[in-house]
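Only one structure is covered here, and it is reproduced in the block below.
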Amino acid sequence: ARGRVAIPIGINTSTTYSRTYSVYNKFLNINRLRHVVDPELSLNFTPIVTQDPEDLNQFDGTDAIDSYQSVKLGLRNRLQTKRGKPGKEQTVDVVDIGSDLIIFPGNAGLNRKRDDYLGWYLKANLTDKVSFSTVGNEINLRKGGVDVFNFGLRYAPSPQLSFSTGSRFVDDISTTVFLGTSLSVNDKWSVNLSQQYAFRTDITDDDSRSLYSGANVTRYLHDWILTMSLAQIGTREDDNIFSFNILPRGLGIATPSLRTLGAMIPPALKPKQN
């Protein structure tokens with residue numbers, strides 16, 4: 001057995017500024033606007049690791065721990081309004097946009113394998129029925145260009161029905177499109193359909209292909225939730241999965257997961273459960 005010591009040090013500081021404006025718009029359902037600004041500074045260091053991880057057998061992330069340092073400068077902006085029936089209004093983020101500058105100074109330890117990047121996101125609840133989001137995006141500052149880009153669009157014509165679509169781009173790996181719909185038939189039954197398609201997989205070739213297709217039916221009982229799922233994994237031939245789950249209501253709903261090449265779909269792109 002081998003033992004080693006790693007000493008992490010971190011500092012995080014942030015504050016909040018806000019101002020309210022008398023702005024009204026019936027089409028966008030705007031009932032005054034509040035602008036909220038959240039600047040943030042974060043410093044993280046692991047200056048001491050008593051043994052080089054390359055001398056260890058790599059079984060998990062703990063074995064890969066090495067000296068590390070990063071600086072994060074973040075800025076978040078939100079435009080908020082009140083929406084809902086009179087007397088039951090709730091605060092809603094009409095627009096939520098933020099960016100983070102991540103710097104890895106020096107070339108020691110893990111820093112030699114990481115590039116500085118600019119991360120950013122945008123979430124917009126355009127109306128009560130339409131929302132847009134692009135989260136987890138990264139711009140590589142060393143080589144230039146976009147490393148990761150995601151976007152999602154959701155339309156809910158009624159509380160019982162919603163449609164969602166989106167795309168995920170990972171440089172030199174994949175470009176995928178996601179589609180999903182959710183229908184709450186009544187208080188006892190709901191149906192979810194989902195599809196993921198890759199225009200470029202980069203697994204063995206650049207052929208376009210379906211990566212995932214799934215259907216999920218849920219039955220709500222008094223104390224239990226029954227879920228039946230059928231899924232097809234396109235990256236493996238003849239890989240069809242059928243599952244049946246019974247869960248207590250307190251544990252939530254078992255749903256099939258849309259899969260990418262080693263990455264889960266961002267939560268904003270998944271069909272919502274009613």
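Chain identifiers are assigned as A, B, and so on, following the order in which chains appear in the structure tokens; residues are numbered from 1 within each chain, and ligands are numbered from 1 in order of appearance.
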
(message) Need to verify the contact set: Ala124 of chain A, 7 Å, only C-alpha atoms, exclusion of same-chain residues closer than 5 positions in sequence. Can you return it as an MDAnalysis selection string?
(response) chainID A and resid 94:96 131:133

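Residues with any atom within 9 Å of Pro8 of chain A, counting only C-alpha atoms and excluding same-chain neighbours fewer than 4 positions away, are A:Asn44, A:Phe45, A:Thr46, A:Pro47, A:Ile48, A:Ser67, A:Tyr68.
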
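Distance annotation: of A:Glu40, A:Asp239, A:Asp55, A:Asp128, the residue with the minimal separation from Ser162 of chain A is A:Asp128; atom set is only C-alpha atoms.
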
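Note that atom CA of Ser174 of chain A and atom CA of Ile102 of chain A are 23.8 Å apart.
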
(request) Give the strand (DSSP E or B) residues of segment 16-212 of chain A, as assigned by DSSP on the backbone, as a ChimeraX atom specification. (result) /A:17-25,30-49,68-83,90-103,117-125,130-140,146-158,161-170,174-184,189-200,209-212

(message) Report, in Å with one decimal, the straight-line distance from atom CA of Leu41 of chain A to atom CA of Arg76 of chain A.
(response) 11.7 Å

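Reported to one decimal place, the separation of atom CA of Ser164 of chain A from atom CA of Trp189 of chain A is 19.8 Å.
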
(message) Applying 12 Å and only C-alpha atoms, which residues near Arg112 of chain A remain after dropping the ones on its own chain fewer than 6 positions away? List them as number ranges by chain.
(response) A: 66-70, 103-106

Just the selected residues (N, CA and C atoms), exported as an mmCIF file, in the first residue's frame, please.
```
data_model
loop_
_atom_site.group_PDB
_atom_site.id
_atom_site.type_symbol
_atom_site.label_atom_id
_atom_site.label_comp_id
_atom_site.auth_asym_id
_atom_site.auth_seq_id
_atom_site.Cartn_x
_atom_site.Cartn_y
_atom_site.Cartn_z
ATOM 1 N N ASP A 66 -2.928 15.798 -8.584
ATOM 2 C CA ASP A 66 -1.582 16.362 -8.732
ATOM 3 C C ASP A 66 -1.647 17.829 -8.342
ATOM 4 N N SER A 67 -0.488 18.485 -8.276
ATOM 5 C CA SER A 67 -0.484 19.917 -7.963
ATOM 6 C C SER A 67 -1.307 20.664 -9.013
ATOM 7 N N TYR A 68 -1.918 21.760 -8.559
ATOM 8 C CA TYR A 68 -2.931 22.411 -9.400
ATOM 9 C C TYR A 68 -3.149 23.831 -8.902
ATOM 10 N N GLN A 69 -3.431 24.742 -9.828
ATOM 11 C CA GLN A 69 -3.806 26.097 -9.444
ATOM 12 C C GLN A 69 -4.683 26.703 -10.530
ATOM 13 N N SER A 70 -5.699 27.450 -10.091
ATOM 14 C CA SER A 70 -6.610 28.073 -11.045
ATOM 15 C C SER A 70 -7.130 29.379 -10.481
ATOM 16 N N ILE A 103 -8.445 30.570 -15.657
ATOM 17 C CA ILE A 103 -7.023 30.629 -15.995
ATOM 18 C C ILE A 103 -6.281 29.588 -15.170
ATOM 19 N N PHE A 104 -5.388 28.839 -15.836
ATOM 20 C CA PHE A 104 -4.539 27.847 -15.181
ATOM 21 C C PHE A 104 -3.085 28.302 -15.288
ATOM 22 N N PRO A 105 -2.601 29.108 -14.342
ATOM 23 C CA PRO A 105 -1.244 29.653 -14.449
ATOM 24 C C PRO A 105 -0.176 28.581 -14.245
ATOM 25 N N GLY A 106 0.931 28.714 -14.994
ATOM 26 C CA GLY A 106 2.036 27.782 -14.858
ATOM 27 C C GLY A 106 1.824 26.497 -15.634
#
```

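You can rank A:Ile139, A:Ile9, A:Ile225, A:Ala198 by their closest distance to Ile246 of chain A using only C-alpha atoms, and at the top of that list sits A:Ile225.
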
Using only C-alpha atoms, which protein or nucleic acid residues come within 12 Å of His35 of chain A? Drop anything in the same chain fewer than 5 positions from it, and give the result as a short mmCIF file (atom, residue, chain, number, x, y, z; two decimals) with all heavy atoms, in the first residue's frame.
```
data_model
loop_
_atom_site.label_atom_id
_atom_site.label_comp_id
_atom_site.auth_asym_id
_atom_site.auth_seq_id
_atom_site.Cartn_x
_atom_site.Cartn_y
_atom_site.Cartn_z
N THR A 16 -23.46 40.93 -4.42
CA THR A 16 -24.65 41.11 -5.25
C THR A 16 -25.09 42.56 -5.26
O THR A 16 -25.11 43.22 -4.22
CB THR A 16 -25.82 40.24 -4.72
OG1 THR A 16 -25.45 38.87 -4.76
CG2 THR A 16 -27.06 40.44 -5.58
N TYR A 17 -25.39 43.07 -6.48
CA TYR A 17 -25.94 44.42 -6.66
C TYR A 17 -27.25 44.27 -7.42
O TYR A 17 -27.40 43.41 -8.29
CB TYR A 17 -24.98 45.31 -7.46
CG TYR A 17 -23.59 45.43 -6.86
CD1 TYR A 17 -22.55 44.60 -7.28
CD2 TYR A 17 -23.32 46.38 -5.89
CE1 TYR A 17 -21.28 44.71 -6.74
CE2 TYR A 17 -22.05 46.50 -5.33
CZ TYR A 17 -21.04 45.66 -5.77
OH TYR A 17 -19.78 45.78 -5.22
N SER A 18 -28.22 45.13 -7.12
CA SER A 18 -29.50 45.04 -7.82
C SER A 18 -30.16 46.42 -7.91
O SER A 18 -29.88 47.31 -7.10
CB SER A 18 -30.45 44.07 -7.11
OG SER A 18 -30.81 44.54 -5.82
N ARG A 19 -31.04 46.54 -8.92
CA ARG A 19 -31.82 47.77 -9.10
C ARG A 19 -33.12 47.41 -9.81
O ARG A 19 -33.14 46.53 -10.69
CB ARG A 19 -31.04 48.80 -9.92
CG ARG A 19 -31.78 50.13 -10.09
CD ARG A 19 -30.93 51.16 -10.81
NE ARG A 19 -31.65 52.42 -10.96
CZ ARG A 19 -31.16 53.50 -11.56
NH1 ARG A 19 -29.91 53.47 -12.04
NH2 ARG A 19 -31.88 54.60 -11.66
N THR A 20 -34.21 48.06 -9.44
CA THR A 20 -35.53 47.77 -10.00
C THR A 20 -35.98 48.89 -10.92
O THR A 20 -35.78 50.07 -10.62
CB THR A 20 -36.57 47.58 -8.87
OG1 THR A 20 -36.14 46.52 -8.01
CG2 THR A 20 -37.93 47.23 -9.44
N TYR A 21 -36.59 48.50 -12.06
CA TYR A 21 -37.06 49.47 -13.07
C TYR A 21 -38.56 49.27 -13.29
O TYR A 21 -39.07 48.14 -13.28
CB TYR A 21 -36.33 49.27 -14.40
CG TYR A 21 -34.83 49.42 -14.30
CD1 TYR A 21 -34.02 48.32 -14.01
CD2 TYR A 21 -34.22 50.66 -14.49
CE1 TYR A 21 -32.64 48.45 -13.92
CE2 TYR A 21 -32.84 50.80 -14.40
CZ TYR A 21 -32.07 49.69 -14.12
OH TYR A 21 -30.70 49.84 -14.01
N SER A 22 -39.28 50.36 -13.52
CA SER A 22 -40.72 50.31 -13.79
C SER A 22 -40.94 50.07 -15.28
O SER A 22 -41.14 51.00 -16.07
CB SER A 22 -41.39 51.62 -13.35
OG SER A 22 -41.28 51.79 -11.95
N VAL A 23 -40.88 48.80 -15.67
CA VAL A 23 -41.05 48.40 -17.06
C VAL A 23 -42.20 47.40 -17.13
O VAL A 23 -42.25 46.45 -16.33
CB VAL A 23 -39.76 47.76 -17.62
CG1 VAL A 23 -39.98 47.29 -19.05
CG2 VAL A 23 -38.60 48.75 -17.55
N ARG A 76 -22.29 37.35 -13.33
CA ARG A 76 -23.64 36.88 -13.64
C ARG A 76 -24.60 38.05 -13.66
O ARG A 76 -24.58 38.90 -12.77
CB ARG A 76 -24.09 35.85 -12.61
CG ARG A 76 -25.48 35.26 -12.88
CD ARG A 76 -25.90 34.32 -11.77
NE ARG A 76 -27.19 33.67 -12.05
CZ ARG A 76 -27.84 32.91 -11.18
NH1 ARG A 76 -27.36 32.70 -9.96
NH2 ARG A 76 -29.01 32.37 -11.52
N ASN A 77 -25.46 38.12 -14.69
CA ASN A 77 -26.48 39.15 -14.82
C ASN A 77 -27.84 38.49 -14.96
O ASN A 77 -28.01 37.56 -15.76
CB ASN A 77 -26.22 40.03 -16.05
CG ASN A 77 -25.10 41.01 -15.83
OD1 ASN A 77 -25.31 42.12 -15.36
ND2 ASN A 77 -23.87 40.61 -16.17
N ARG A 78 -28.81 38.99 -14.18
CA ARG A 78 -30.18 38.47 -14.27
C ARG A 78 -31.18 39.61 -14.38
O ARG A 78 -31.03 40.63 -13.70
CB ARG A 78 -30.51 37.64 -13.03
CG ARG A 78 -29.86 36.27 -12.99
CD ARG A 78 -30.07 35.60 -11.66
NE ARG A 78 -29.34 36.27 -10.57
CZ ARG A 78 -29.58 36.08 -9.29
NH1 ARG A 78 -30.56 35.29 -8.90
NH2 ARG A 78 -28.86 36.71 -8.37
N LEU A 79 -32.17 39.42 -15.25
CA LEU A 79 -33.32 40.31 -15.33
C LEU A 79 -34.52 39.54 -14.81
O LEU A 79 -34.91 38.52 -15.39
CB LEU A 79 -33.56 40.79 -16.76
CG LEU A 79 -32.52 41.75 -17.34
CD1 LEU A 79 -32.85 42.06 -18.79
CD2 LEU A 79 -32.46 43.04 -16.52
N GLN A 80 -35.13 40.02 -13.73
CA GLN A 80 -36.22 39.30 -13.08
C GLN A 80 -37.51 40.09 -13.14
O GLN A 80 -37.50 41.33 -13.18
CB GLN A 80 -35.86 39.03 -11.61
CG GLN A 80 -34.63 38.18 -11.42
CD GLN A 80 -34.29 37.99 -9.96
OE1 GLN A 80 -34.55 38.87 -9.13
NE2 GLN A 80 -33.71 36.84 -9.61
N THR A 81 -38.63 39.35 -13.16
CA THR A 81 -39.94 39.98 -13.12
C THR A 81 -40.87 39.11 -12.28
O THR A 81 -40.48 38.03 -11.82
CB THR A 81 -40.52 40.17 -14.52
OG1 THR A 81 -41.69 41.00 -14.45
CG2 THR A 81 -40.89 38.85 -15.17
N VAL A 92 -39.43 35.42 -11.45
CA VAL A 92 -38.96 34.62 -12.57
C VAL A 92 -37.76 35.31 -13.20
O VAL A 92 -37.76 36.53 -13.39
CB VAL A 92 -40.07 34.43 -13.63
CG1 VAL A 92 -39.54 33.67 -14.85
CG2 VAL A 92 -41.26 33.72 -13.02
N ASP A 93 -36.73 34.54 -13.53
CA ASP A 93 -35.59 35.07 -14.27
C ASP A 93 -35.96 35.13 -15.76
O ASP A 93 -36.01 34.11 -16.44
CB ASP A 93 -34.35 34.19 -14.09
CG ASP A 93 -33.78 34.27 -12.70
OD1 ASP A 93 -34.02 35.27 -12.01
OD2 ASP A 93 -33.08 33.32 -12.29
N VAL A 94 -36.24 36.32 -16.26
CA VAL A 94 -36.54 36.47 -17.68
C VAL A 94 -35.30 36.17 -18.51
O VAL A 94 -35.33 35.45 -19.50
CB VAL A 94 -37.06 37.89 -17.97
CG1 VAL A 94 -37.38 38.04 -19.46
CG2 VAL A 94 -38.29 38.19 -17.13
N VAL A 95 -34.18 36.74 -18.10
CA VAL A 95 -32.90 36.50 -18.75
C VAL A 95 -31.86 36.26 -17.66
O VAL A 95 -31.79 37.00 -16.68
CB VAL A 95 -32.46 37.68 -19.64
CG1 VAL A 95 -31.07 37.42 -20.22
CG2 VAL A 95 -33.47 37.90 -20.76
N ASP A 96 -31.08 35.21 -17.83
CA ASP A 96 -29.98 34.88 -16.91
C ASP A 96 -28.76 34.60 -17.78
O ASP A 96 -28.71 33.61 -18.49
CB ASP A 96 -30.35 33.66 -16.07
CG ASP A 96 -29.29 33.32 -15.04
OD1 ASP A 96 -28.22 33.97 -15.03
OD2 ASP A 96 -29.51 32.38 -14.24
N ILE A 97 -27.77 35.48 -17.72
CA ILE A 97 -26.58 35.34 -18.55
C ILE A 97 -25.34 35.51 -17.68
O ILE A 97 -25.30 36.36 -16.79
CB ILE A 97 -26.58 36.36 -19.71
CG1 ILE A 97 -25.35 36.16 -20.60
CG2 ILE A 97 -26.66 37.79 -19.20
CD1 ILE A 97 -25.39 36.99 -21.87
#
```

(message) Residues near segment 240-244 of chain A, anyone? I mean within 6 Å using only C-alpha atoms, not counting same-chain ones fewer than 3 positions away, as a PyMOL selection string.
(response) chain A and resi 227-232

Would you export the selected residues with all heavy atoms as a short mmCIF file (atom, residue, chain, number, x, y, z; two decimals), in the first residue's frame, please?
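Now in out-v4.cif:
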```cif
data_model
loop_
_atom_site.label_atom_id
_atom_site.label_comp_id
_atom_site.auth_asym_id
_atom_site.auth_seq_id
_atom_site.Cartn_x
_atom_site.Cartn_y
_atom_site.Cartn_z
N THR A 227 -43.01 2.56 -13.92
CA THR A 227 -42.40 3.10 -15.13
C THR A 227 -41.99 1.98 -16.06
O THR A 227 -41.29 1.04 -15.64
CB THR A 227 -41.16 3.95 -14.79
OG1 THR A 227 -41.53 4.99 -13.89
CG2 THR A 227 -40.59 4.58 -16.06
N MET A 228 -42.42 2.06 -17.31
CA MET A 228 -42.01 1.11 -18.35
C MET A 228 -41.26 1.88 -19.43
O MET A 228 -41.74 2.89 -19.93
CB MET A 228 -43.23 0.40 -18.94
CG MET A 228 -43.98 -0.48 -17.95
SD MET A 228 -45.51 -1.16 -18.66
CE MET A 228 -46.51 0.33 -18.69
N SER A 229 -40.07 1.38 -19.79
CA SER A 229 -39.20 2.08 -20.73
C SER A 229 -38.70 1.14 -21.80
O SER A 229 -38.36 -0.02 -21.51
CB SER A 229 -38.01 2.72 -20.01
OG SER A 229 -38.44 3.60 -18.99
N LEU A 230 -38.64 1.64 -23.02
CA LEU A 230 -38.06 0.91 -24.14
C LEU A 230 -37.06 1.83 -24.82
O LEU A 230 -37.40 2.96 -25.19
CB LEU A 230 -39.12 0.45 -25.14
CG LEU A 230 -38.62 -0.30 -26.38
CD1 LEU A 230 -37.95 -1.60 -25.96
CD2 LEU A 230 -39.76 -0.56 -27.35
N ALA A 231 -35.81 1.38 -24.97
CA ALA A 231 -34.76 2.23 -25.54
C ALA A 231 -33.92 1.44 -26.52
O ALA A 231 -33.76 0.21 -26.38
CB ALA A 231 -33.88 2.81 -24.43
N GLN A 232 -33.38 2.16 -27.50
CA GLN A 232 -32.49 1.56 -28.49
C GLN A 232 -31.23 2.38 -28.56
O GLN A 232 -31.27 3.60 -28.77
CB GLN A 232 -33.17 1.49 -29.86
CG GLN A 232 -32.44 0.65 -30.90
CD GLN A 232 -31.42 1.44 -31.69
OE1 GLN A 232 -31.56 2.65 -31.84
NE2 GLN A 232 -30.40 0.77 -32.20
#
```

(request) Could you tell me, as a PyMOL selection string, which residues of segment 53-136 of chain A DSSP assigns to helix (DSSP H, G or I) when given the backbone? (result) chain A and resi 53-55+109-113

Resulting file, chosen residues, all heavy atoms, as a tab-separated table (two decimals), in the first residue's frame:
```
chain	number	residue	atom	x	y	z
A	53	PRO	N	1.57	11.39	-9.37
A	53	PRO	CA	0.54	10.42	-9.74
A	53	PRO	C	0.98	9.46	-10.84
A	53	PRO	O	0.42	8.36	-10.96
A	53	PRO	CB	-0.63	11.30	-10.20
A	53	PRO	CG	-0.01	12.60	-10.56
A	53	PRO	CD	1.16	12.77	-9.65
A	54	GLU	N	1.97	9.82	-11.63
A	54	GLU	CA	2.44	8.92	-12.69
A	54	GLU	C	3.15	7.70	-12.12
A	54	GLU	O	3.39	6.73	-12.83
A	54	GLU	CB	3.35	9.68	-13.65
A	54	GLU	CG	2.62	10.78	-14.43
A	54	GLU	CD	3.50	11.46	-15.44
A	54	GLU	OE1	4.70	11.08	-15.53
A	54	GLU	OE2	3.02	12.36	-16.16
A	55	ASP	N	3.51	7.75	-10.84
A	55	ASP	CA	4.14	6.60	-10.20
A	55	ASP	C	3.11	5.63	-9.62
A	55	ASP	O	3.48	4.60	-9.06
A	55	ASP	CB	5.07	7.07	-9.07
A	55	ASP	CG	6.23	7.89	-9.59
A	55	ASP	OD1	6.60	7.71	-10.76
A	55	ASP	OD2	6.77	8.73	-8.83
A	109	GLY	N	2.24	20.17	-12.71
A	109	GLY	CA	1.13	19.30	-12.34
A	109	GLY	C	0.05	19.23	-13.39
A	109	GLY	O	0.30	19.13	-14.59
A	110	LEU	N	-1.21	19.31	-12.92
A	110	LEU	CA	-2.35	19.21	-13.83
A	110	LEU	C	-2.44	20.39	-14.79
A	110	LEU	O	-3.07	20.29	-15.85
A	110	LEU	CB	-3.64	19.11	-13.02
A	110	LEU	CG	-3.83	17.84	-12.19
A	110	LEU	CD1	-5.10	17.93	-11.36
A	110	LEU	CD2	-3.86	16.60	-13.07
A	111	ASN	N	-1.84	21.52	-14.45
A	111	ASN	CA	-1.95	22.72	-15.30
A	111	ASN	C	-1.32	22.53	-16.66
A	111	ASN	O	-1.68	23.21	-17.61
A	111	ASN	CB	-1.32	23.92	-14.59
A	111	ASN	CG	-2.21	24.48	-13.51
A	111	ASN	OD1	-2.94	23.73	-12.86
A	111	ASN	ND2	-2.19	25.79	-13.31
A	112	ARG	N	-0.36	21.62	-16.78
A	112	ARG	CA	0.28	21.42	-18.08
A	112	ARG	C	-0.65	20.74	-19.08
A	112	ARG	O	-0.38	20.71	-20.28
A	112	ARG	CB	1.56	20.61	-17.91
A	112	ARG	CG	1.35	19.16	-17.48
A	112	ARG	CD	2.69	18.42	-17.36
A	112	ARG	NE	2.52	17.05	-16.97
A	112	ARG	CZ	2.49	16.62	-15.71
A	112	ARG	NH1	2.59	17.50	-14.72
A	112	ARG	NH2	2.32	15.33	-15.43
A	113	LYS	N	-1.77	20.17	-18.57
A	113	LYS	CA	-2.72	19.48	-19.44
A	113	LYS	C	-3.99	20.29	-19.69
A	113	LYS	O	-4.92	19.79	-20.32
A	113	LYS	CB	-3.10	18.13	-18.83
A	113	LYS	CG	-1.91	17.20	-18.55
A	113	LYS	CD	-2.35	15.92	-17.87
A	113	LYS	CE	-1.16	15.03	-17.55
A	113	LYS	NZ	-1.58	13.79	-16.85
```

(message) From the options A:Thr13, A:Gln195, A:Thr176, A:Ser184, which residue's atoms come nearest to Pro159 of chain A, counting only C-alpha atoms?
(response) A:Ser184

(message) Applying 7 Å and only C-alpha atoms, which residues near Lys82 of chain A remain after dropping the ones on its own chain fewer than 3 positions away? List them as a list in words.
(response)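 That gives Asn31, Glu89, Gln90, Thr91 and Val92 of chain A.
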
(request) Name the closest residue to Pro157 of chain A among the candidates A:Lys88, A:Arg32, A:Arg142, A:Lys129; distances are taken between atoms, counting only C-alpha atoms. (result)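 The closest residue to Pro157 of chain A is A:Lys129.
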
(request) Compile the contact shell of Asp147 of chain A as an MDAnalysis selection string: residues with an atom at most 7 Å away, counting only C-alpha atoms, same-chain residues fewer than 3 positions apart removed. (result) chainID A and resid 138:140 170:171
